[in-house]
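Asker: Supplied structure: protein_38.cif, mmCIF, C-alpha atoms and all ligand atoms.
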```cif
data_coords
#
loop_
_atom_site.label_atom_id
_atom_site.label_comp_id
_atom_site.auth_asym_id
_atom_site.auth_seq_id
_atom_site.Cartn_x
_atom_site.Cartn_y
_atom_site.Cartn_z
CA MET A 37 146.62 101.78 159.94
CA GLU A 38 143.50 103.94 159.87
CA GLN A 39 142.62 105.24 156.42
CA THR A 40 142.85 109.04 156.31
CA TYR A 41 142.74 109.71 152.59
CA PHE A 42 139.55 109.21 150.54
CA ARG A 43 138.85 110.01 146.93
CA LYS A 44 136.16 107.51 146.01
CA GLY A 45 133.34 108.55 148.33
CA PHE A 46 131.89 106.48 151.15
CA GLY A 47 129.28 104.39 149.34
CA LEU A 48 126.44 106.64 150.56
CA LYS A 49 125.63 108.13 147.18
CA LYS A 50 122.52 106.03 146.59
CA ASP A 51 121.02 106.97 149.97
CA LEU A 52 121.79 110.66 149.61
CA ARG A 53 120.78 111.04 145.94
CA PRO A 54 117.11 111.82 146.69
CA ILE A 55 118.16 114.58 149.12
CA ILE A 56 120.64 116.10 146.67
CA ASP A 57 118.18 115.88 143.78
CA ALA A 58 115.48 117.55 145.85
CA GLU A 59 117.84 120.43 146.60
CA TYR A 60 119.26 120.97 143.14
CA GLN A 61 116.75 119.73 140.55
CA SER A 62 114.10 121.86 138.84
CA ALA A 63 110.70 120.80 137.46
CA VAL A 64 110.71 123.64 134.85
CA VAL A 65 114.10 122.63 133.54
CA GLU A 66 113.09 118.97 133.40
CA ARG A 67 109.93 119.91 131.48
CA ILE A 68 111.90 121.86 128.85
CA ARG A 69 114.46 119.10 128.55
CA SER A 70 111.77 116.45 128.14
CA ARG A 71 110.23 118.49 125.29
CA GLY A 72 113.39 118.46 123.22
CA TYR A 73 115.09 121.45 124.89
CA THR A 74 112.56 123.93 123.45
CA ASP A 75 109.30 124.89 125.12
CA VAL A 76 106.75 127.66 124.78
CA PHE A 77 105.49 129.71 127.73
CA GLY A 78 103.01 132.40 126.67
CA ASP A 79 104.82 134.50 124.07
CA ILE A 80 108.26 133.29 125.13
CA THR A 81 109.92 130.38 123.37
CA VAL A 82 112.59 129.06 125.70
CA ARG A 83 115.54 127.30 124.10
CA LEU A 84 117.79 125.42 126.47
CA ALA A 85 121.36 124.61 125.34
CA GLN A 86 121.78 120.88 124.72
CA GLU A 87 124.48 120.73 127.41
CA PHE A 88 124.39 123.04 130.41
CA GLY A 89 124.80 123.22 134.16
CA PHE A 90 126.43 120.74 136.57
CA CYS A 91 129.28 118.78 134.98
CA TYR A 92 130.41 115.33 136.13
CA GLY A 93 133.23 116.83 138.24
CA VAL A 94 130.89 119.17 140.10
CA ASP A 95 128.28 116.45 140.56
CA ARG A 96 130.91 114.27 142.14
CA ALA A 97 132.32 117.03 144.38
CA VAL A 98 128.86 117.93 145.67
CA ASP A 99 128.01 114.25 146.28
CA TYR A 100 131.23 113.75 148.26
CA ALA A 101 130.58 116.84 150.36
CA TYR A 102 127.15 115.52 151.36
CA GLU A 103 128.57 112.04 151.96
CA THR A 104 131.33 113.52 154.14
CA VAL A 105 128.85 115.40 156.33
CA HIS A 106 126.84 112.21 156.83
CA LYS A 107 129.91 110.03 157.38
CA PHE A 108 131.50 112.29 160.03
CA PRO A 109 128.61 113.93 161.92
CA GLU A 110 130.76 114.50 165.02
CA LYS A 111 133.80 115.96 163.34
CA LYS A 112 134.79 119.47 162.37
CA ILE A 113 134.78 119.62 158.57
CA TYR A 114 136.76 122.20 156.62
CA LEU A 115 136.69 123.03 152.94
CA VAL A 116 139.75 124.45 151.17
CA GLY A 117 138.41 127.46 149.24
CA GLU A 118 135.06 126.92 147.54
CA ILE A 119 133.65 123.49 146.67
CA ILE A 120 132.76 124.93 143.26
CA HIS A 121 132.26 128.48 142.00
CA ASN A 122 128.59 128.82 142.82
CA PRO A 123 127.39 131.02 145.71
CA HIS A 124 124.21 129.01 146.29
CA VAL A 125 125.99 125.66 146.55
CA ASN A 126 128.68 127.17 148.78
CA HIS A 127 125.99 128.65 150.99
CA ARG A 128 124.44 125.19 151.36
CA MET A 129 127.83 123.87 152.45
CA THR A 130 127.94 126.49 155.21
CA GLU A 131 124.40 125.57 156.29
CA MET A 132 125.53 121.95 156.61
CA GLY A 133 128.19 123.11 159.08
CA ILE A 134 131.22 123.01 156.78
CA ALA A 135 133.80 125.71 157.60
CA PHE A 136 135.51 127.45 154.67
CA ILE A 137 139.23 128.14 154.65
CA TYR A 138 139.53 131.07 152.25
CA PRO A 139 142.74 131.85 150.36
CA GLN A 140 144.94 134.65 151.64
CA GLU A 141 146.10 137.50 149.46
CA ASP A 142 149.00 135.51 148.01
CA GLY A 143 146.64 132.61 147.21
CA GLY A 144 147.99 130.41 150.04
CA PHE A 145 145.84 128.91 152.81
CA ASP A 146 146.19 129.15 156.57
CA PHE A 147 145.71 125.64 157.98
CA SER A 148 146.76 126.57 161.52
CA ASN A 149 143.29 125.76 162.95
CA VAL A 150 143.14 122.30 161.36
CA THR A 151 143.98 119.41 163.69
CA ALA A 152 144.55 115.68 163.14
CA ASP A 153 141.01 115.14 164.44
CA ASP A 154 139.38 117.14 161.66
CA VAL A 155 138.18 116.37 158.15
CA VAL A 156 139.26 118.50 155.19
CA LEU A 157 137.49 118.56 151.83
CA ILE A 158 139.61 119.28 148.77
CA PRO A 159 137.50 120.97 146.05
CA ALA A 160 136.99 119.88 142.44
CA PHE A 161 139.80 122.23 141.24
CA GLY A 162 142.32 120.49 143.53
CA VAL A 163 144.95 122.15 145.72
CA THR A 164 148.64 122.88 145.16
CA LEU A 165 151.19 120.18 145.85
CA GLN A 166 152.50 122.24 148.78
CA ASP A 167 149.03 122.60 150.34
CA PHE A 168 148.36 118.90 149.86
CA ASP A 169 151.64 117.99 151.60
CA ARG A 170 150.88 120.39 154.46
CA LEU A 171 147.47 118.79 154.98
CA ARG A 172 148.92 115.29 154.90
CA ALA A 173 151.50 116.36 157.48
CA ILE A 174 148.71 117.52 159.83
CA GLY A 175 147.31 113.99 159.68
CA CYS A 176 143.65 115.04 159.27
CA ILE A 177 141.18 113.03 157.21
CA LEU A 178 141.32 114.23 153.62
CA VAL A 179 138.37 113.83 151.28
CA ASP A 180 139.74 114.66 147.88
CA THR A 181 137.13 115.65 145.26
CA THR A 182 139.68 116.79 142.65
CA CYS A 183 138.08 116.15 139.27
CA GLY A 184 139.54 113.39 137.09
CA SER A 185 139.88 115.84 134.19
CA VAL A 186 142.03 118.12 136.36
CA LEU A 187 144.16 115.13 137.37
CA HIS A 188 144.60 114.38 133.66
CA VAL A 189 146.14 117.86 133.14
CA TRP A 190 148.37 117.38 136.17
CA LYS A 191 149.75 114.20 134.63
CA ARG A 192 150.67 116.08 131.46
CA VAL A 193 152.36 118.89 133.36
CA ASP A 194 154.18 116.35 135.53
CA MET A 195 155.43 114.63 132.38
CA TYR A 196 156.59 117.92 130.83
CA ALA A 197 158.58 118.78 133.95
CA LYS A 198 160.04 115.27 134.13
CA ASP A 199 161.27 115.59 130.53
CA GLY A 200 162.73 119.08 131.05
CA PHE A 201 159.93 120.96 129.27
CA THR A 202 158.52 124.20 130.71
CA ALA A 203 154.76 123.92 131.15
CA VAL A 204 153.05 126.87 129.46
CA ILE A 205 149.60 126.92 131.06
CA HIS A 206 146.75 128.80 129.42
CA GLY A 207 144.76 129.92 132.44
CA LYS A 208 144.34 132.55 135.13
CA TYR A 209 147.20 132.59 137.59
CA THR A 210 144.81 133.53 140.41
CA HIS A 211 142.49 130.58 139.74
CA GLU A 212 142.81 127.69 142.20
CA GLU A 213 142.99 125.13 139.41
CA SER A 214 145.80 126.87 137.50
CA ARG A 215 147.80 127.34 140.69
CA ALA A 216 147.36 123.67 141.55
CA THR A 217 148.26 122.61 138.01
CA ALA A 218 151.36 124.82 137.94
CA SER A 219 152.53 123.39 141.27
CA GLN A 220 152.81 119.92 139.72
CA VAL A 221 156.15 120.90 138.18
CA ASN A 222 157.55 120.90 141.72
CA LYS A 223 157.50 117.11 141.65
CA HIS A 224 160.72 117.44 139.69
CA GLU A 225 163.87 119.32 140.51
CA ASN A 226 164.17 122.33 138.18
CA GLY A 227 160.57 121.92 136.95
CA THR A 228 159.30 125.21 135.47
CA TYR A 229 155.99 126.74 134.45
CA ILE A 230 154.63 129.98 133.10
CA ILE A 231 150.93 130.93 133.00
CA VAL A 232 149.49 132.97 130.13
CA ARG A 233 146.04 134.47 130.46
CA ASP A 234 145.02 134.89 126.85
CA MET A 235 146.12 135.44 123.29
CA ASP A 236 147.50 138.94 124.07
CA GLU A 237 149.70 137.63 126.83
CA SER A 238 150.85 134.66 124.78
CA LYS A 239 152.00 137.19 122.15
CA ILE A 240 154.51 138.56 124.65
CA LEU A 241 155.84 135.02 125.00
CA CYS A 242 155.87 134.33 121.26
CA ASP A 243 157.57 137.66 120.43
CA TYR A 244 160.30 136.82 122.93
CA ILE A 245 160.79 133.30 121.55
CA ALA A 246 160.98 134.54 117.94
CA LYS A 247 163.03 137.62 118.98
CA ARG A 248 160.63 139.81 117.00
CA PRO A 249 161.28 143.57 116.85
CA GLY A 250 159.87 145.26 119.94
CA HIS A 251 159.89 142.12 122.09
CA LEU A 252 160.32 142.67 125.84
CA SER A 253 163.81 142.75 127.29
CA ARG A 254 164.76 139.82 129.50
CA ASP A 255 164.25 141.90 132.67
CA ALA A 256 160.91 143.30 131.50
CA PHE A 257 159.77 139.76 130.62
CA VAL A 258 160.73 138.46 134.05
CA GLU A 259 158.96 141.39 135.69
CA HIS A 260 155.80 140.90 133.62
CA PHE A 261 155.51 137.22 134.56
CA ARG A 262 156.87 137.59 138.11
CA HIS A 263 153.74 136.17 139.75
CA LYS A 264 152.86 133.89 136.86
CA SER A 265 155.98 131.73 136.61
CA THR A 266 158.37 129.66 138.69
CA ASP A 267 160.73 131.61 140.97
CA GLY A 268 163.93 132.32 139.06
CA PHE A 269 162.27 131.86 135.67
CA ASP A 270 164.80 132.70 132.95
CA PRO A 271 163.20 133.21 129.53
CA ASP A 272 166.56 132.70 127.79
CA LYS A 273 166.81 129.25 129.30
CA HIS A 274 163.29 128.11 130.10
CA LEU A 275 161.57 128.78 126.78
CA GLU A 276 163.75 126.31 124.92
CA PHE A 277 161.51 123.29 125.56
CA ILE A 278 157.81 124.00 125.89
CA GLY A 279 154.79 121.84 126.68
CA VAL A 280 151.37 123.50 126.47
CA ALA A 281 148.50 122.71 128.83
CA ASN A 282 145.49 124.65 130.04
CA GLN A 283 143.07 125.29 132.82
CA THR A 284 140.23 122.90 131.95
CA THR A 285 137.62 125.63 131.65
CA MET A 286 139.25 128.01 129.18
CA LEU A 287 137.95 128.72 125.68
CA ALA A 288 138.98 125.64 123.70
CA ASN A 289 139.67 127.58 120.49
CA GLU A 290 141.85 130.10 122.26
CA SER A 291 143.92 127.36 123.91
CA LEU A 292 144.43 125.71 120.57
CA ALA A 293 145.38 128.99 118.90
CA ILE A 294 147.87 129.85 121.67
CA GLY A 295 149.56 126.46 121.21
CA MET A 296 149.80 127.03 117.45
CA LYS A 297 151.28 130.52 117.91
CA ILE A 298 153.98 129.20 120.23
CA HIS A 299 154.82 126.47 117.73
CA GLU A 300 154.96 129.08 114.94
CA ALA A 301 157.30 131.26 117.01
CA MET A 302 159.66 128.33 117.49
CA VAL A 303 159.67 127.61 113.76
CA GLU A 304 160.31 131.31 113.10
CA ALA A 305 163.19 131.41 115.58
CA HIS A 306 164.76 128.16 114.38
CA ASP A 307 163.04 125.74 111.98
CA ALA A 308 160.31 123.11 111.83
CA GLU A 309 162.64 120.33 112.91
CA TYR A 310 163.65 122.29 116.01
CA ALA A 311 160.01 123.00 116.84
CA GLN A 312 159.09 119.34 116.50
CA ALA A 313 161.72 118.35 119.04
CA HIS A 314 161.15 121.27 121.44
CA TYR A 315 157.37 121.64 121.48
CA ARG A 316 154.60 119.46 122.89
CA SER A 317 150.90 120.02 123.27
CA PHE A 318 147.90 118.09 124.55
CA GLY A 319 144.36 119.39 124.53
CA THR A 320 143.40 119.46 128.19
CA ILE A 321 140.08 121.31 128.04
CA CYS A 322 137.71 118.93 129.81
CA SER A 323 134.95 117.27 127.81
CA ALA A 324 132.21 118.89 129.93
CA THR A 325 133.53 122.40 129.17
CA GLN A 326 133.92 121.49 125.52
CA GLU A 327 130.35 120.14 125.29
CA ARG A 328 128.89 123.27 126.90
CA GLN A 329 130.84 125.53 124.54
CA ASP A 330 129.84 123.38 121.54
CA ALA A 331 126.16 123.54 122.56
CA VAL A 332 126.29 127.35 122.76
CA ALA A 333 128.13 127.57 119.43
CA GLU A 334 125.37 125.45 117.89
CA MET A 335 122.66 127.67 119.36
CA MET A 336 124.41 130.80 118.06
CA VAL A 337 124.11 129.58 114.46
CA ASP A 338 120.51 130.75 114.79
CA PRO A 339 120.71 132.93 117.90
CA PRO A 340 117.72 133.70 120.11
CA GLN A 341 116.87 137.40 120.62
CA VAL A 342 117.86 137.25 124.27
CA MET A 343 120.39 134.95 125.91
CA LEU A 344 120.52 134.25 129.62
CA VAL A 345 123.75 132.80 131.02
CA ILE A 346 123.57 131.75 134.65
CA GLY A 347 126.57 131.10 136.87
CA GLY A 348 129.02 132.55 139.40
CA TYR A 349 130.83 135.70 138.25
CA ASN A 350 134.10 134.06 139.29
CA SER A 351 133.26 130.89 137.33
CA SER A 352 135.68 130.71 134.43
CA ASN A 353 133.58 128.44 132.22
CA THR A 354 130.43 130.56 132.76
CA ASN A 355 132.29 133.74 131.79
CA HIS A 356 133.47 132.07 128.60
CA LEU A 357 129.96 130.92 127.70
CA ALA A 358 128.69 134.49 128.18
CA HIS A 359 131.54 135.85 126.08
CA MET A 360 130.68 133.44 123.24
CA CYS A 361 127.02 134.49 123.29
CA GLN A 362 127.83 138.22 123.40
CA GLN A 363 129.33 137.97 119.93
CA HIS A 364 125.92 136.98 118.51
CA THR A 365 123.03 138.31 120.58
CA ARG A 366 121.92 140.38 123.59
CA THR A 367 123.39 138.44 126.46
CA PHE A 368 122.79 138.73 130.18
CA HIS A 369 125.22 136.95 132.51
CA ILE A 370 123.56 136.72 135.92
CA GLU A 371 124.98 135.11 139.03
CA ASP A 372 121.69 133.94 140.37
CA ALA A 373 117.90 134.15 139.99
CA ALA A 374 117.97 136.98 142.54
CA CYS A 375 119.49 139.18 139.81
CA ILE A 376 116.04 139.28 138.19
CA ASP A 377 113.65 141.53 140.09
CA VAL A 378 110.03 140.58 139.46
CA GLU A 379 108.68 143.74 141.15
CA THR A 380 110.60 146.22 139.00
CA GLY A 381 111.08 143.94 135.97
CA THR A 382 114.82 144.75 135.96
CA ILE A 383 117.87 142.55 135.54
CA ARG A 384 121.24 142.98 137.27
CA HIS A 385 124.06 141.46 135.26
CA LYS A 386 127.76 141.53 134.44
CA GLU A 387 128.60 142.72 130.94
CA ASP A 388 132.33 142.01 130.83
CA LEU A 389 134.36 138.80 130.75
CA ASP A 390 136.41 140.04 133.72
CA PRO A 391 135.11 138.33 136.90
CA HIS A 392 135.48 141.64 138.78
CA ALA A 393 133.67 143.78 136.22
CA PRO A 394 130.85 145.81 137.80
CA GLU A 395 127.21 144.79 137.48
CA THR A 396 124.79 146.93 135.51
CA VAL A 397 121.02 147.12 135.84
CA ASP A 398 118.78 147.10 132.76
CA GLU A 399 115.10 148.00 132.73
CA ASP A 400 113.74 147.39 129.24
CA TRP A 401 115.61 144.21 128.59
CA LEU A 402 112.80 141.96 127.41
CA PRO A 403 111.42 142.48 123.87
CA SER A 404 107.81 143.66 123.85
CA GLY A 405 106.42 141.03 121.45
CA PRO A 406 106.94 137.27 121.19
CA PHE A 407 110.60 136.35 121.40
CA GLU A 408 113.06 133.52 121.83
CA LEU A 409 114.97 133.24 125.08
CA GLY A 410 118.12 131.13 125.02
CA VAL A 411 119.34 129.69 128.30
CA THR A 412 122.58 128.11 129.38
CA ALA A 413 124.49 127.79 132.63
CA GLY A 414 128.04 127.15 133.76
CA ALA A 415 129.25 123.79 135.03
CA SER A 416 128.78 124.89 138.64
CA THR A 417 125.17 126.06 138.35
CA PRO A 418 122.50 123.73 139.76
CA ASN A 419 119.26 123.25 137.81
CA ASN A 420 117.09 124.73 140.57
CA LYS A 421 118.86 128.08 140.11
CA ILE A 422 118.24 127.92 136.35
CA GLY A 423 114.57 127.09 136.98
CA GLU A 424 114.16 129.96 139.48
CA ALA A 425 115.58 132.47 136.99
CA LEU A 426 113.22 131.25 134.29
CA VAL A 427 110.19 131.40 136.56
CA ARG A 428 111.03 135.02 137.46
CA ILE A 429 111.14 135.98 133.78
CA LEU A 430 107.77 134.31 133.21
CA GLN A 431 106.37 136.17 136.23
CA ILE A 432 107.59 139.52 134.84
CA ARG A 433 105.75 138.64 131.64
CA GLY A 434 102.66 137.60 133.57
CA VAL A 435 102.80 134.12 132.04
CA ASP A 436 100.85 131.46 133.92
CA PHE A 437 102.10 127.98 133.48
CA GLU A 438 101.52 124.58 134.94
CA LEU A 439 104.09 121.87 135.30
S1 LIG B 501 134.53 121.78 134.51
FE1 LIG B 501 135.54 119.90 133.78
S2 LIG B 501 137.44 119.80 134.97
FE2 LIG B 501 136.11 121.24 136.01
S3 LIG B 501 135.03 120.01 137.54
FE3 LIG B 501 133.75 120.06 135.69
S4 LIG B 501 134.30 118.20 134.56
FE4 LIG B 501 135.93 118.58 136.05
#
```
Mind turning the file's structure into structure tokens?
Answerer:
Amino acid sequence: MEQTYFRKGFGLKKDLRPIIDAEYQSAVVERIRSRGYTDVFGDITVRLAQEFGFCYGVDRAVDYAYETVHKFPEKKIYLVGEIIHNPHVNHRMTEMGIAFIYPQEDGGFDFSNVTADDVVLIPAFGVTLQDFDRLRAIGCILVDTTCGSVLHVWKRVDMYAKDGFTAVIHGKYTHEESRATASQVNKHENGTYIIVRDMDESKILCDYIAKRPGHLSRDAFVEHFRHKSTDGFDPDKHLEFIGVANQTTMLANESLAIGMKIHEAMVEAHDAEYAQAHYRSFGTICSATQERQDAVAEMMVDPPQVMLVIGGYNSSNTNHLAHMCQQHTRTFHIEDAACIDVETGTIRHKEDLDPHAPETVDEDWLPSGPFELGVTAGASTPNNKIGEALVRILQIRGVDFEL
């Protein structure tokens, strides 16, 4: 039978590497890295975070997309959602002839145009169990780039559901990865999940578990989590056994703290023995996210005067990096090098953690004398976009440099 499901590439990586490197590498970034992650350009000392940019999952997804285009030059190739959350990389996918299937308002996808003759790329965040089954039923060729770290979370959630535990997922319910992770409970009859966005939302959950004064009524609880939990979720029944997991790109400390709060609420409602038998937790932040957050935390011990964070506004891990930096120094989260205007010397950036927060434009954003510029980028930002942003800042400053 003809193979229609691929998740290990097509053995073309070596041939395509030079093309991919040429498109996404940056000489400026390589120079700074080769000089110990700190380099001086005129009166600007640039400090690059020790870990930044493309993670192993994104590297792999981008490689597979290029391999797929070369493997099936005659076929129509679709991509479910975005390959990764970076506008530049997604634009390149379009230029290569890949057609995007964007999510509808309810987060579902319309596969009605896909035929058995087509190829469909599954992005690094994965797709829901239901979408995967629908694609398999069509009989198209599936190239699955779901990251191994995401699969690791799915295994945990699958296990929780199998053992009768509700998966409490720290993540954004609108994010593709969290939706795909939550759907894993459907592998088991009566599997349940609930998604909590942050510490504030987890408090609603904890107050209900511990029956603290002022906790939401059952109906208000159900209403609050209507779109963030399994259909028919009953907090009186489904918060008895809890397993905690998270979207791989959340703030590691917050995930940990949410897990501890839920455990505390169980102890408060019953006792430690009960909590031990009814609570499970596994750290499922991926190592790439963790390393990027650790590198920023290390830099913030002695923060630079200005911090530049580059990455898609809808990129969860980039937003978290920016949020970490904002606590310590003047931080500018830009989506792309184009946010820096060399002519006017201005920067267009997003100040808030919320992916939909409006952009603001700043004029006098660079210190007048010598200063340190810290730089990091989310896991979906290619080095060439980091390099372009840096070059624009040097141009504003009138700094000549040779590579
Ligand atoms: S951020 Fe982590 S989980 Fe997501 S694609 Fe990268 S390595 Fe995989």
Asker: Hey, which residues sit close to ligand LIG 501 (chain B)? Say within 6 Å, counting only C-alpha atoms and all ligand atoms, and write them as a list in words.
Answerer: Cys91, Tyr92, Gly93, Val94, Ala160, Cys183, Ser185, Val186, Thr284, Thr285, Cys322, Ala324, Thr325 and Ala415 of chain A
Asker: Between atom CA of A:Tyr315 and atom CA of A:Ile278, what is the distance in Å, rounded to a tenth?
Answerer: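 Interatomic distance, atom CA of A:Tyr315 to atom CA of A:Ile278: 5.0 Å.
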Asker: Give me, as a list in words, all polymer residues having an atom no more than 8 Å from A:Glu213, counting all atoms listed in the file and skipping those fewer than 2 positions away in the same chain.
Answerer: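 Final neighbour list, sorted by chain and number: Phe161, Gly162, Val163, Val186, His211, Arg215, Ala216, Thr217 and Gln283 of chain A.
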Asker: Between A:Leu275, A:Ile231, A:Met37, A:Met129, single out the one closest to A:Gly200, counting all atoms listed in the file.
Answerer: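 Of the candidates, the smallest distance to A:Gly200 is held by A:Leu275.
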Asker: Quote the spacing between atom CA of A:Met302 and atom CA of A:Gly279 in Å to one decimal place.
Answerer: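 Straight-line distance from atom CA of A:Met302 to atom CA of A:Gly279 works out to 12.3 Å.
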Asker: Find, counting all atoms listed in the file, the residue in A:Cys176, A:Val82, A:Leu171, A:Met286 that gets nearest to A:Ser214.
Answerer: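 Smallest separation from A:Ser214 among the options: A:Met286.
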Asker: May I have the protein, DNA and RNA residues with any atom at most 10 Å from the point (160.1, 124.7, 131.5), counting all atoms listed in the file, written as number ranges by chain?
Answerer: A: 193, 196-204, 221, 226-230, 265-266, 269-271, 273-279
Asker: Within 8 Å of A:Cys375, counting all atoms listed in the file, which residues qualify if same-chain residues fewer than 6 places away don't, as number ranges by chain?
Answerer: A: 383-385
